[in-house]
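Beneath this line is the structure, given in structure tokens, with notes to follow.
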Amino acid sequence: MLDTKILVIDDDENICELLKIYFENEGYSVKVANDGVEGLGFFKIYEPDLVLLDIMLPKKDGWQICREIREISSKPIIIISAKGEVFDKVLGLELGADDFVVKPFDMKELSARVKSVLRRCQAHASQGDEEVIKFDNIEISHQKYELKLRGKAVDVPPKELELLYFLASNYNRVFTRDQLLDKVWGFDYLGDSRTVDVHVKRLREKLEGVSDKWMLKTVWGVGYKFELLT
């Protein structure tokens, strides 16, 4: 936790002050921004380890901030918002957020989610060099967070890449949604199994038509697998 930096982007100054005091008391360094433009600027200068991001922001909303951060960084993002509909949660995950917390939230729960996300990221960062997985027309590098289809790099959010890497490295094995949450998101992930469905859907859109020698397959009533086709 030492020297771990959190960037809070929220236009509610009271919430920002509460988060700043709470997380500084837990040993984090905290920076606060009250609008989207300021938040994105702070992200580039401050280089935080994690972002707590509101959706309804002046000047540039949280959806756009999430998109722009994902274009330049895989640092974890937790959306904190009063918009708690399923659509909002799914959209946040599709844009590359690592978690979604609905306001009003309990500070202890939010702290647990922050610690969980940071642990997962640190675990992935410490894995070191890993072999690039290669099949027909696809290459997946976990270390570089890079996906190549037909030799060309394709933009992919970190969690989508981690899910694809895990399934492809265990090809022809079926995993339940709960097993995938455990292996990719971590055993202490506090979300639900729809997270997996959202990421599989987005991956399929990217992988459609790339090869007839493998597929990301749904095994009805069980889960998913990366299947090599004969």
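For the structure tokens, the naming scheme is as follows: chains receive sequential letters (A, B, ...) according to their order of presentation, residues are indexed from 1 within each chain, and ligands are indexed from 1 in presentation order.
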Could you build a table of the residues in segment 126-211 of chain A lying no more than 12 Å from segment 46-68 of chain A, giving for each the nearest pair of atoms and their separation in Å rounded to one decimal place, using only C-alpha atoms, ordered by chain and ascending residue number, as a tab-separated table?
residue	atom	partner	partner_atom	distance
A:Asp155	CA	A:Arg67	CA	11.4
A:Val156	CA	A:Arg67	CA	11.3
A:Pro157	CA	A:Arg67	CA	9.6
Mind writing the picked residues with C-alpha atoms as an mmCIF file, in the first residue's frame?
data_model
loop_
_atom_site.group_PDB
_atom_site.id
_atom_site.type_symbol
_atom_site.label_atom_id
_atom_site.label_comp_id
_atom_site.auth_asym_id
_atom_site.auth_seq_id
_atom_site.Cartn_x
_atom_site.Cartn_y
_atom_site.Cartn_z
ATOM 1 C CA ASP A 155 -7.196 -2.633 -29.199
ATOM 2 C CA VAL A 156 -8.574 -4.707 -26.343
ATOM 3 C CA PRO A 157 -9.345 -3.750 -22.715
#
Let's see if you can do this: from backbone DSSP, list all strand (DSSP E or B) residues in chain A, as a PyMOL selection string. chain A and resi 5-9+29-33+50-53+77-81+99-102+133-135+138-141+146-149+152-154+175-176+214-219+223-228
In terms of the shortest atom-to-atom distance over only C-alpha atoms, which of A:Asp98, A:Glu139, A:Asp11, A:Glu227 is closest to Arg173 of chain A?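 Answer, going by the shortest atom-to-atom distance: A:Glu227.
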Which residues are near segment 194-208 of chain A? Cut-off 8 Å, only C-alpha atoms, ignore same chain within fewer than 2 positions. Put them as a list of chain:residue names. A:Val90, A:Leu93, A:Glu94, A:Leu149, A:Lys159, A:Glu160, A:Leu163, A:Leu164, A:Arg177, A:Leu180, A:Leu181, A:Gly191, A:Asp192, A:Val210, A:Ser211, A:Leu216
Go ahead and compute the interatomic distance for atom CA of Gly27 of chain A and atom CA of Asn14 of chain A, in Å to one decimal.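 Atom CA of Gly27 of chain A sits 20.1 Å away from atom CA of Asn14 of chain A.
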Taking the chain letters and numbering used in this document, name the residues of segment 1-215 of chain A that DSSP puts in helix (DSSP H, G or I), as a PDB file with N, CA and C atoms, in the first residue's frame.
ATOM      1  N   GLU A  13     -17.873  17.599  -4.165  1.00  0.00           N
ATOM      2  CA  GLU A  13     -16.711  17.918  -3.337  1.00  0.00           C
ATOM      3  C   GLU A  13     -16.761  17.220  -1.978  1.00  0.00           C
ATOM      4  N   ASN A  14     -17.974  17.004  -1.451  1.00  0.00           N
ATOM      5  CA  ASN A  14     -18.095  16.319  -0.162  1.00  0.00           C
ATOM      6  C   ASN A  14     -17.635  14.868  -0.258  1.00  0.00           C
ATOM      7  N   ILE A  15     -18.041  14.191  -1.343  1.00  0.00           N
ATOM      8  CA  ILE A  15     -17.604  12.810  -1.545  1.00  0.00           C
ATOM      9  C   ILE A  15     -16.097  12.765  -1.749  1.00  0.00           C
ATOM     10  N   CYS A  16     -15.576  13.698  -2.512  1.00  0.00           N
ATOM     11  CA  CYS A  16     -14.126  13.741  -2.747  1.00  0.00           C
ATOM     12  C   CYS A  16     -13.364  13.909  -1.426  1.00  0.00           C
ATOM     13  N   GLU A  17     -13.854  14.801  -0.592  1.00  0.00           N
ATOM     14  CA  GLU A  17     -13.188  15.039   0.694  1.00  0.00           C
ATOM     15  C   GLU A  17     -13.260  13.793   1.576  1.00  0.00           C
ATOM     16  N   LEU A  18     -14.430  13.133   1.573  1.00  0.00           N
ATOM     17  CA  LEU A  18     -14.598  11.908   2.351  1.00  0.00           C
ATOM     18  C   LEU A  18     -13.633  10.820   1.878  1.00  0.00           C
ATOM     19  N   LEU A  19     -13.564  10.627   0.556  1.00  0.00           N
ATOM     20  CA  LEU A  19     -12.677   9.604   0.005  1.00  0.00           C
ATOM     21  C   LEU A  19     -11.217   9.936   0.277  1.00  0.00           C
ATOM     22  N   LYS A  20     -10.867  11.206   0.138  1.00  0.00           N
ATOM     23  CA  LYS A  20      -9.482  11.618   0.362  1.00  0.00           C
ATOM     24  C   LYS A  20      -9.057  11.335   1.811  1.00  0.00           C
ATOM     25  N   ILE A  21      -9.895  11.736   2.758  1.00  0.00           N
ATOM     26  CA  ILE A  21      -9.568  11.525   4.172  1.00  0.00           C
ATOM     27  C   ILE A  21      -9.495  10.039   4.497  1.00  0.00           C
ATOM     28  N   TYR A  22     -10.479   9.281   4.031  1.00  0.00           N
ATOM     29  CA  TYR A  22     -10.543   7.853   4.361  1.00  0.00           C
ATOM     30  C   TYR A  22      -9.331   7.101   3.822  1.00  0.00           C
ATOM     31  N   PHE A  23      -9.042   7.294   2.542  1.00  0.00           N
ATOM     32  CA  PHE A  23      -7.960   6.514   1.935  1.00  0.00           C
ATOM     33  C   PHE A  23      -6.575   7.006   2.356  1.00  0.00           C
ATOM     34  N   GLU A  24      -6.444   8.292   2.654  1.00  0.00           N
ATOM     35  CA  GLU A  24      -5.166   8.760   3.209  1.00  0.00           C
ATOM     36  C   GLU A  24      -4.937   8.158   4.598  1.00  0.00           C
ATOM     37  N   ASN A  25      -6.004   8.005   5.366  1.00  0.00           N
ATOM     38  CA  ASN A  25      -5.878   7.355   6.670  1.00  0.00           C
ATOM     39  C   ASN A  25      -5.487   5.885   6.536  1.00  0.00           C
ATOM     40  N   GLY A  36     -14.182  16.290 -15.653  1.00  0.00           N
ATOM     41  CA  GLY A  36     -13.544  15.300 -16.507  1.00  0.00           C
ATOM     42  C   GLY A  36     -12.238  15.750 -17.132  1.00  0.00           C
ATOM     43  N   VAL A  37     -12.197  16.985 -17.572  1.00  0.00           N
ATOM     44  CA  VAL A  37     -10.981  17.493 -18.224  1.00  0.00           C
ATOM     45  C   VAL A  37      -9.829  17.546 -17.212  1.00  0.00           C
ATOM     46  N   GLU A  38     -10.125  18.074 -16.033  1.00  0.00           N
ATOM     47  CA  GLU A  38      -9.108  18.138 -14.985  1.00  0.00           C
ATOM     48  C   GLU A  38      -8.669  16.726 -14.588  1.00  0.00           C
ATOM     49  N   GLY A  39      -9.630  15.816 -14.494  1.00  0.00           N
ATOM     50  CA  GLY A  39      -9.326  14.440 -14.113  1.00  0.00           C
ATOM     51  C   GLY A  39      -8.400  13.756 -15.091  1.00  0.00           C
ATOM     52  N   LEU A  40      -8.663  13.921 -16.388  1.00  0.00           N
ATOM     53  CA  LEU A  40      -7.807  13.298 -17.395  1.00  0.00           C
ATOM     54  C   LEU A  40      -6.408  13.907 -17.361  1.00  0.00           C
ATOM     55  N   GLY A  41      -6.347  15.205 -17.154  1.00  0.00           N
ATOM     56  CA  GLY A  41      -5.041  15.861 -17.056  1.00  0.00           C
ATOM     57  C   GLY A  41      -4.254  15.368 -15.854  1.00  0.00           C
ATOM     58  N   PHE A  42      -4.918  15.228 -14.713  1.00  0.00           N
ATOM     59  CA  PHE A  42      -4.257  14.710 -13.515  1.00  0.00           C
ATOM     60  C   PHE A  42      -3.789  13.277 -13.727  1.00  0.00           C
ATOM     61  N   PHE A  43      -4.592  12.486 -14.459  1.00  0.00           N
ATOM     62  CA  PHE A  43      -4.199  11.093 -14.700  1.00  0.00           C
ATOM     63  C   PHE A  43      -2.854  11.028 -15.426  1.00  0.00           C
ATOM     64  N   LYS A  44      -2.679  11.863 -16.417  1.00  0.00           N
ATOM     65  CA  LYS A  44      -1.445  11.843 -17.205  1.00  0.00           C
ATOM     66  C   LYS A  44      -0.242  12.361 -16.415  1.00  0.00           C
ATOM     67  N   ILE A  45      -0.481  13.317 -15.513  1.00  0.00           N
ATOM     68  CA  ILE A  45       0.614  13.903 -14.743  1.00  0.00           C
ATOM     69  C   ILE A  45       0.905  13.099 -13.475  1.00  0.00           C
ATOM     70  N   TYR A  46      -0.146  12.717 -12.776  1.00  0.00           N
ATOM     71  CA  TYR A  46      -0.042  12.081 -11.464  1.00  0.00           C
ATOM     72  C   TYR A  46       0.315  10.592 -11.568  1.00  0.00           C
ATOM     73  N   GLY A  62     -17.783  10.582 -17.381  1.00  0.00           N
ATOM     74  CA  GLY A  62     -16.968   9.442 -16.979  1.00  0.00           C
ATOM     75  C   GLY A  62     -16.807   8.388 -18.052  1.00  0.00           C
ATOM     76  N   TRP A  63     -17.826   8.214 -18.898  1.00  0.00           N
ATOM     77  CA  TRP A  63     -17.704   7.237 -19.987  1.00  0.00           C
ATOM     78  C   TRP A  63     -16.537   7.612 -20.897  1.00  0.00           C
ATOM     79  N   GLN A  64     -16.475   8.887 -21.273  1.00  0.00           N
ATOM     80  CA  GLN A  64     -15.411   9.345 -22.165  1.00  0.00           C
ATOM     81  C   GLN A  64     -14.052   9.265 -21.474  1.00  0.00           C
ATOM     82  N   ILE A  65     -14.001   9.597 -20.191  1.00  0.00           N
ATOM     83  CA  ILE A  65     -12.745   9.494 -19.441  1.00  0.00           C
ATOM     84  C   ILE A  65     -12.260   8.050 -19.430  1.00  0.00           C
ATOM     85  N   CYS A  66     -13.181   7.113 -19.192  1.00  0.00           N
ATOM     86  CA  CYS A  66     -12.818   5.699 -19.173  1.00  0.00           C
ATOM     87  C   CYS A  66     -12.253   5.272 -20.526  1.00  0.00           C
ATOM     88  N   ARG A  67     -12.904   5.698 -21.602  1.00  0.00           N
ATOM     89  CA  ARG A  67     -12.421   5.363 -22.952  1.00  0.00           C
ATOM     90  C   ARG A  67     -11.001   5.902 -23.167  1.00  0.00           C
ATOM     91  N   GLU A  68     -10.794   7.157 -22.816  1.00  0.00           N
ATOM     92  CA  GLU A  68      -9.508   7.790 -23.100  1.00  0.00           C
ATOM     93  C   GLU A  68      -8.390   7.215 -22.233  1.00  0.00           C
ATOM     94  N   ILE A  69      -8.697   6.865 -20.990  1.00  0.00           N
ATOM     95  CA  ILE A  69      -7.676   6.223 -20.153  1.00  0.00           C
ATOM     96  C   ILE A  69      -7.302   4.870 -20.740  1.00  0.00           C
ATOM     97  N   ARG A  70      -8.305   4.117 -21.191  1.00  0.00           N
ATOM     98  CA  ARG A  70      -8.023   2.782 -21.737  1.00  0.00           C
ATOM     99  C   ARG A  70      -7.224   2.836 -23.040  1.00  0.00           C
ATOM    100  N   GLU A  71      -7.234   3.956 -23.716  1.00  0.00           N
ATOM    101  CA  GLU A  71      -6.433   4.103 -24.931  1.00  0.00           C
ATOM    102  C   GLU A  71      -4.946   4.222 -24.623  1.00  0.00           C
ATOM    103  N   ILE A  72      -4.620   4.628 -23.376  1.00  0.00           N
ATOM    104  CA  ILE A  72      -3.217   4.891 -23.048  1.00  0.00           C
ATOM    105  C   ILE A  72      -2.713   4.084 -21.855  1.00  0.00           C
ATOM    106  N   VAL A  86     -28.550  -1.905 -14.715  1.00  0.00           N
ATOM    107  CA  VAL A  86     -27.734  -2.949 -15.354  1.00  0.00           C
ATOM    108  C   VAL A  86     -27.036  -2.395 -16.589  1.00  0.00           C
ATOM    109  N   PHE A  87     -27.749  -1.571 -17.371  1.00  0.00           N
ATOM    110  CA  PHE A  87     -27.151  -0.990 -18.582  1.00  0.00           C
ATOM    111  C   PHE A  87     -25.879  -0.222 -18.257  1.00  0.00           C
ATOM    112  N   ASP A  88     -25.927   0.574 -17.184  1.00  0.00           N
ATOM    113  CA  ASP A  88     -24.764   1.378 -16.817  1.00  0.00           C
ATOM    114  C   ASP A  88     -23.595   0.496 -16.393  1.00  0.00           C
ATOM    115  N   LYS A  89     -23.892  -0.553 -15.618  1.00  0.00           N
ATOM    116  CA  LYS A  89     -22.841  -1.458 -15.174  1.00  0.00           C
ATOM    117  C   LYS A  89     -22.206  -2.177 -16.361  1.00  0.00           C
ATOM    118  N   VAL A  90     -23.048  -2.658 -17.270  1.00  0.00           N
ATOM    119  CA  VAL A  90     -22.541  -3.366 -18.442  1.00  0.00           C
ATOM    120  C   VAL A  90     -21.699  -2.442 -19.310  1.00  0.00           C
ATOM    121  N   LEU A  91     -22.182  -1.215 -19.529  1.00  0.00           N
ATOM    122  CA  LEU A  91     -21.428  -0.257 -20.336  1.00  0.00           C
ATOM    123  C   LEU A  91     -20.077   0.037 -19.708  1.00  0.00           C
ATOM    124  N   GLY A  92     -20.057   0.220 -18.393  1.00  0.00           N
ATOM    125  CA  GLY A  92     -18.793   0.480 -17.717  1.00  0.00           C
ATOM    126  C   GLY A  92     -17.794  -0.651 -17.918  1.00  0.00           C
ATOM    127  N   LEU A  93     -18.265  -1.886 -17.804  1.00  0.00           N
ATOM    128  CA  LEU A  93     -17.384  -3.042 -17.999  1.00  0.00           C
ATOM    129  C   LEU A  93     -16.924  -3.136 -19.445  1.00  0.00           C
ATOM    130  N   GLU A  94     -17.828  -2.845 -20.378  1.00  0.00           N
ATOM    131  CA  GLU A  94     -17.465  -2.897 -21.791  1.00  0.00           C
ATOM    132  C   GLU A  94     -16.399  -1.863 -22.135  1.00  0.00           C
ATOM    133  N   MET A 107     -18.018   2.698   2.933  1.00  0.00           N
ATOM    134  CA  MET A 107     -16.591   2.941   2.746  1.00  0.00           C
ATOM    135  C   MET A 107     -15.759   1.670   2.920  1.00  0.00           C
ATOM    136  N   LYS A 108     -16.165   0.815   3.840  1.00  0.00           N
ATOM    137  CA  LYS A 108     -15.410  -0.425   4.048  1.00  0.00           C
ATOM    138  C   LYS A 108     -15.514  -1.340   2.835  1.00  0.00           C
ATOM    139  N   GLU A 109     -16.701  -1.376   2.217  1.00  0.00           N
ATOM    140  CA  GLU A 109     -16.858  -2.195   1.013  1.00  0.00           C
ATOM    141  C   GLU A 109     -16.028  -1.620  -0.131  1.00  0.00           C
ATOM    142  N   LEU A 110     -16.075  -0.303  -0.311  1.00  0.00           N
ATOM    143  CA  LEU A 110     -15.283   0.320  -1.369  1.00  0.00           C
ATOM    144  C   LEU A 110     -13.800   0.070  -1.142  1.00  0.00           C
ATOM    145  N   SER A 111     -13.356   0.186   0.089  1.00  0.00           N
ATOM    146  CA  SER A 111     -11.952  -0.078   0.409  1.00  0.00           C
ATOM    147  C   SER A 111     -11.574  -1.517   0.075  1.00  0.00           C
ATOM    148  N   ALA A 112     -12.480  -2.461   0.370  1.00  0.00           N
ATOM    149  CA  ALA A 112     -12.219  -3.868   0.057  1.00  0.00           C
ATOM    150  C   ALA A 112     -12.102  -4.071  -1.444  1.00  0.00           C
ATOM    151  N   ARG A 113     -12.952  -3.378  -2.209  1.00  0.00           N
ATOM    152  CA  ARG A 113     -12.883  -3.494  -3.671  1.00  0.00           C
ATOM    153  C   ARG A 113     -11.583  -2.894  -4.216  1.00  0.00           C
ATOM    154  N   VAL A 114     -11.182  -1.766  -3.663  1.00  0.00           N
ATOM    155  CA  VAL A 114      -9.918  -1.144  -4.078  1.00  0.00           C
ATOM    156  C   VAL A 114      -8.755  -2.102  -3.827  1.00  0.00           C
ATOM    157  N   LYS A 115      -8.694  -2.675  -2.640  1.00  0.00           N
ATOM    158  CA  LYS A 115      -7.615  -3.602  -2.304  1.00  0.00           C
ATOM    159  C   LYS A 115      -7.636  -4.824  -3.199  1.00  0.00           C
ATOM    160  N   SER A 116      -8.840  -5.325  -3.497  1.00  0.00           N
ATOM    161  CA  SER A 116      -8.976  -6.505  -4.351  1.00  0.00           C
ATOM    162  C   SER A 116      -8.449  -6.232  -5.754  1.00  0.00           C
ATOM    163  N   VAL A 117      -8.851  -5.093  -6.331  1.00  0.00           N
ATOM    164  CA  VAL A 117      -8.408  -4.753  -7.680  1.00  0.00           C
ATOM    165  C   VAL A 117      -6.893  -4.539  -7.716  1.00  0.00           C
ATOM    166  N   LEU A 118      -6.352  -3.863  -6.726  1.00  0.00           N
ATOM    167  CA  LEU A 118      -4.907  -3.622  -6.686  1.00  0.00           C
ATOM    168  C   LEU A 118      -4.129  -4.928  -6.528  1.00  0.00           C
ATOM    169  N   ARG A 119      -4.648  -5.858  -5.723  1.00  0.00           N
ATOM    170  CA  ARG A 119      -3.973  -7.150  -5.565  1.00  0.00           C
ATOM    171  C   ARG A 119      -3.909  -7.901  -6.882  1.00  0.00           C
ATOM    172  N   ARG A 120      -5.013  -7.885  -7.616  1.00  0.00           N
ATOM    173  CA  ARG A 120      -5.032  -8.598  -8.900  1.00  0.00           C
ATOM    174  C   ARG A 120      -4.026  -7.985  -9.874  1.00  0.00           C
ATOM    175  N   CYS A 121      -3.990  -6.665  -9.931  1.00  0.00           N
ATOM    176  CA  CYS A 121      -3.067  -5.995 -10.853  1.00  0.00           C
ATOM    177  C   CYS A 121      -1.615  -6.255 -10.464  1.00  0.00           C
ATOM    178  N   GLN A 122      -1.323  -6.221  -9.174  1.00  0.00           N
ATOM    179  CA  GLN A 122       0.041  -6.483  -8.720  1.00  0.00           C
ATOM    180  C   GLN A 122       0.450  -7.920  -8.992  1.00  0.00           C
ATOM    181  N   ALA A 123      -0.500  -8.851  -8.861  1.00  0.00           N
ATOM    182  CA  ALA A 123      -0.206 -10.254  -9.135  1.00  0.00           C
ATOM    183  C   ALA A 123       0.133 -10.458 -10.600  1.00  0.00           C
ATOM    184  N   HIS A 124      -0.646  -9.799 -11.483  1.00  0.00           N
ATOM    185  CA  HIS A 124      -0.361  -9.918 -12.920  1.00  0.00           C
ATOM    186  C   HIS A 124       0.981  -9.267 -13.262  1.00  0.00           C
ATOM    187  N   ALA A 125       1.282  -8.147 -12.617  1.00  0.00           N
ATOM    188  CA  ALA A 125       2.524  -7.436 -12.926  1.00  0.00           C
ATOM    189  C   ALA A 125       3.752  -8.234 -12.498  1.00  0.00           C
ATOM    190  N   PRO A 158      -7.926  -4.497 -20.882  1.00  0.00           N
ATOM    191  CA  PRO A 158      -7.110  -5.462 -20.139  1.00  0.00           C
ATOM    192  C   PRO A 158      -7.851  -6.711 -19.701  1.00  0.00           C
ATOM    193  N   LYS A 159      -9.057  -6.561 -19.154  1.00  0.00           N
ATOM    194  CA  LYS A 159      -9.769  -7.737 -18.656  1.00  0.00           C
ATOM    195  C   LYS A 159     -10.206  -8.664 -19.791  1.00  0.00           C
ATOM    196  N   GLU A 160     -10.546  -8.106 -20.953  1.00  0.00           N
ATOM    197  CA  GLU A 160     -10.874  -8.954 -22.098  1.00  0.00           C
ATOM    198  C   GLU A 160      -9.653  -9.771 -22.501  1.00  0.00           C
ATOM    199  N   LEU A 161      -8.494  -9.120 -22.528  1.00  0.00           N
ATOM    200  CA  LEU A 161      -7.282  -9.836 -22.908  1.00  0.00           C
ATOM    201  C   LEU A 161      -6.937 -10.925 -21.892  1.00  0.00           C
ATOM    202  N   GLU A 162      -7.078 -10.616 -20.610  1.00  0.00           N
ATOM    203  CA  GLU A 162      -6.770 -11.608 -19.583  1.00  0.00           C
ATOM    204  C   GLU A 162      -7.702 -12.815 -19.682  1.00  0.00           C
ATOM    205  N   LEU A 163      -8.977 -12.561 -19.960  1.00  0.00           N
ATOM    206  CA  LEU A 163      -9.940 -13.656 -20.113  1.00  0.00           C
ATOM    207  C   LEU A 163      -9.593 -14.508 -21.328  1.00  0.00           C
ATOM    208  N   LEU A 164      -9.307 -13.865 -22.450  1.00  0.00           N
ATOM    209  CA  LEU A 164      -8.950 -14.603 -23.666  1.00  0.00           C
ATOM    210  C   LEU A 164      -7.665 -15.384 -23.469  1.00  0.00           C
ATOM    211  N   TYR A 165      -6.682 -14.767 -22.817  1.00  0.00           N
ATOM    212  CA  TYR A 165      -5.406 -15.440 -22.567  1.00  0.00           C
ATOM    213  C   TYR A 165      -5.616 -16.693 -21.721  1.00  0.00           C
ATOM    214  N   PHE A 166      -6.421 -16.566 -20.681  1.00  0.00           N
ATOM    215  CA  PHE A 166      -6.656 -17.714 -19.800  1.00  0.00           C
ATOM    216  C   PHE A 166      -7.353 -18.844 -20.541  1.00  0.00           C
ATOM    217  N   LEU A 167      -8.399 -18.522 -21.296  1.00  0.00           N
ATOM    218  CA  LEU A 167      -9.123 -19.563 -22.019  1.00  0.00           C
ATOM    219  C   LEU A 167      -8.246 -20.216 -23.089  1.00  0.00           C
ATOM    220  N   ALA A 168      -7.489 -19.385 -23.828  1.00  0.00           N
ATOM    221  CA  ALA A 168      -6.642 -19.936 -24.891  1.00  0.00           C
ATOM    222  C   ALA A 168      -5.497 -20.764 -24.333  1.00  0.00           C
ATOM    223  N   SER A 169      -4.980 -20.391 -23.160  1.00  0.00           N
ATOM    224  CA  SER A 169      -3.892 -21.171 -22.565  1.00  0.00           C
ATOM    225  C   SER A 169      -4.406 -22.471 -21.953  1.00  0.00           C
ATOM    226  N   ARG A 177     -18.720 -19.835 -15.270  1.00  0.00           N
ATOM    227  CA  ARG A 177     -18.566 -18.392 -15.058  1.00  0.00           C
ATOM    228  C   ARG A 177     -17.896 -18.116 -13.722  1.00  0.00           C
ATOM    229  N   ASP A 178     -18.290 -18.866 -12.688  1.00  0.00           N
ATOM    230  CA  ASP A 178     -17.680 -18.664 -11.371  1.00  0.00           C
ATOM    231  C   ASP A 178     -16.192 -19.003 -11.385  1.00  0.00           C
ATOM    232  N   GLN A 179     -15.808 -20.046 -12.111  1.00  0.00           N
ATOM    233  CA  GLN A 179     -14.388 -20.391 -12.219  1.00  0.00           C
ATOM    234  C   GLN A 179     -13.613 -19.288 -12.932  1.00  0.00           C
ATOM    235  N   LEU A 180     -14.219 -18.706 -13.966  1.00  0.00           N
ATOM    236  CA  LEU A 180     -13.548 -17.624 -14.699  1.00  0.00           C
ATOM    237  C   LEU A 180     -13.441 -16.367 -13.840  1.00  0.00           C
ATOM    238  N   LEU A 181     -14.475 -16.080 -13.057  1.00  0.00           N
ATOM    239  CA  LEU A 181     -14.380 -14.955 -12.123  1.00  0.00           C
ATOM    240  C   LEU A 181     -13.232 -15.172 -11.151  1.00  0.00           C
ATOM    241  N   ASP A 182     -13.090 -16.397 -10.677  1.00  0.00           N
ATOM    242  CA  ASP A 182     -12.024 -16.741  -9.733  1.00  0.00           C
ATOM    243  C   ASP A 182     -10.652 -16.587 -10.381  1.00  0.00           C
ATOM    244  N   LYS A 183     -10.481 -17.160 -11.580  1.00  0.00           N
ATOM    245  CA  LYS A 183      -9.167 -17.195 -12.223  1.00  0.00           C
ATOM    246  C   LYS A 183      -8.749 -15.853 -12.823  1.00  0.00           C
ATOM    247  N   VAL A 184      -9.697 -15.111 -13.362  1.00  0.00           N
ATOM    248  CA  VAL A 184      -9.360 -13.870 -14.082  1.00  0.00           C
ATOM    249  C   VAL A 184      -9.569 -12.632 -13.213  1.00  0.00           C
ATOM    250  N   TRP A 185     -10.683 -12.588 -12.479  1.00  0.00           N
ATOM    251  CA  TRP A 185     -10.985 -11.407 -11.664  1.00  0.00           C
ATOM    252  C   TRP A 185     -10.476 -11.555 -10.226  1.00  0.00           C
ATOM    253  N   ARG A 194     -22.486 -12.021 -14.664  1.00  0.00           N
ATOM    254  CA  ARG A 194     -22.786 -11.325 -15.919  1.00  0.00           C
ATOM    255  C   ARG A 194     -21.560 -10.603 -16.462  1.00  0.00           C
ATOM    256  N   THR A 195     -20.627 -10.301 -15.576  1.00  0.00           N
ATOM    257  CA  THR A 195     -19.368  -9.699 -16.000  1.00  0.00           C
ATOM    258  C   THR A 195     -18.695 -10.558 -17.067  1.00  0.00           C
ATOM    259  N   VAL A 196     -18.676 -11.866 -16.856  1.00  0.00           N
ATOM    260  CA  VAL A 196     -18.045 -12.789 -17.813  1.00  0.00           C
ATOM    261  C   VAL A 196     -18.775 -12.727 -19.148  1.00  0.00           C
ATOM    262  N   ASP A 197     -20.108 -12.761 -19.115  1.00  0.00           N
ATOM    263  CA  ASP A 197     -20.891 -12.736 -20.350  1.00  0.00           C
ATOM    264  C   ASP A 197     -20.610 -11.482 -21.174  1.00  0.00           C
ATOM    265  N   VAL A 198     -20.504 -10.356 -20.498  1.00  0.00           N
ATOM    266  CA  VAL A 198     -20.223  -9.084 -21.190  1.00  0.00           C
ATOM    267  C   VAL A 198     -18.874  -9.148 -21.900  1.00  0.00           C
ATOM    268  N   HIS A 199     -17.852  -9.651 -21.211  1.00  0.00           N
ATOM    269  CA  HIS A 199     -16.517  -9.700 -21.803  1.00  0.00           C
ATOM    270  C   HIS A 199     -16.435 -10.718 -22.940  1.00  0.00           C
ATOM    271  N   VAL A 200     -17.116 -11.845 -22.809  1.00  0.00           N
ATOM    272  CA  VAL A 200     -17.135 -12.833 -23.893  1.00  0.00           C
ATOM    273  C   VAL A 200     -17.814 -12.241 -25.124  1.00  0.00           C
ATOM    274  N   LYS A 201     -18.921 -11.537 -24.932  1.00  0.00           N
ATOM    275  CA  LYS A 201     -19.636 -10.906 -26.048  1.00  0.00           C
ATOM    276  C   LYS A 201     -18.725  -9.946 -26.799  1.00  0.00           C
ATOM    277  N   ARG A 202     -17.995  -9.127 -26.068  1.00  0.00           N
ATOM    278  CA  ARG A 202     -17.113  -8.154 -26.715  1.00  0.00           C
ATOM    279  C   ARG A 202     -15.956  -8.837 -27.441  1.00  0.00           C
ATOM    280  N   LEU A 203     -15.430  -9.894 -26.841  1.00  0.00           N
ATOM    281  CA  LEU A 203     -14.354 -10.636 -27.496  1.00  0.00           C
ATOM    282  C   LEU A 203     -14.842 -11.261 -28.806  1.00  0.00           C
ATOM    283  N   ARG A 204     -16.033 -11.811 -28.791  1.00  0.00           N
ATOM    284  CA  ARG A 204     -16.557 -12.449 -30.004  1.00  0.00           C
ATOM    285  C   ARG A 204     -16.700 -11.451 -31.145  1.00  0.00           C
ATOM    286  N   GLU A 205     -17.075 -10.229 -30.812  1.00  0.00           N
ATOM    287  CA  GLU A 205     -17.184  -9.196 -31.846  1.00  0.00           C
ATOM    288  C   GLU A 205     -15.825  -8.945 -32.497  1.00  0.00           C
ATOM    289  N   LYS A 206     -14.759  -8.981 -31.707  1.00  0.00           N
ATOM    290  CA  LYS A 206     -13.414  -8.748 -32.240  1.00  0.00           C
ATOM    291  C   LYS A 206     -12.898  -9.959 -33.015  1.00  0.00           C
ATOM    292  N   LEU A 207     -13.286 -11.169 -32.575  1.00  0.00           N
ATOM    293  CA  LEU A 207     -12.721 -12.390 -33.138  1.00  0.00           C
ATOM    294  C   LEU A 207     -13.527 -12.954 -34.308  1.00  0.00           C
TER     295      LEU A 207
END
Taking 3 positions as the minimum chain separation for residues in the same chain, which residues sit within 10 Å of Gly221 of chain A when counting only C-alpha atoms? Answer as a VMD selection string. chain A and resid 176 218 224
Just how far from atom CA of Lys225 of chain A is atom CA of His142 of chain A, in Å to one decimal?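 Atom-to-atom, atom CA of His142 of chain A to atom CA of Lys225 of chain A, that is 18.0 Å.
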What is the atom CA of Ile133 of chain A to atom CA of Trp220 of chain A distance in Å?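 The value is 26.0 Å.
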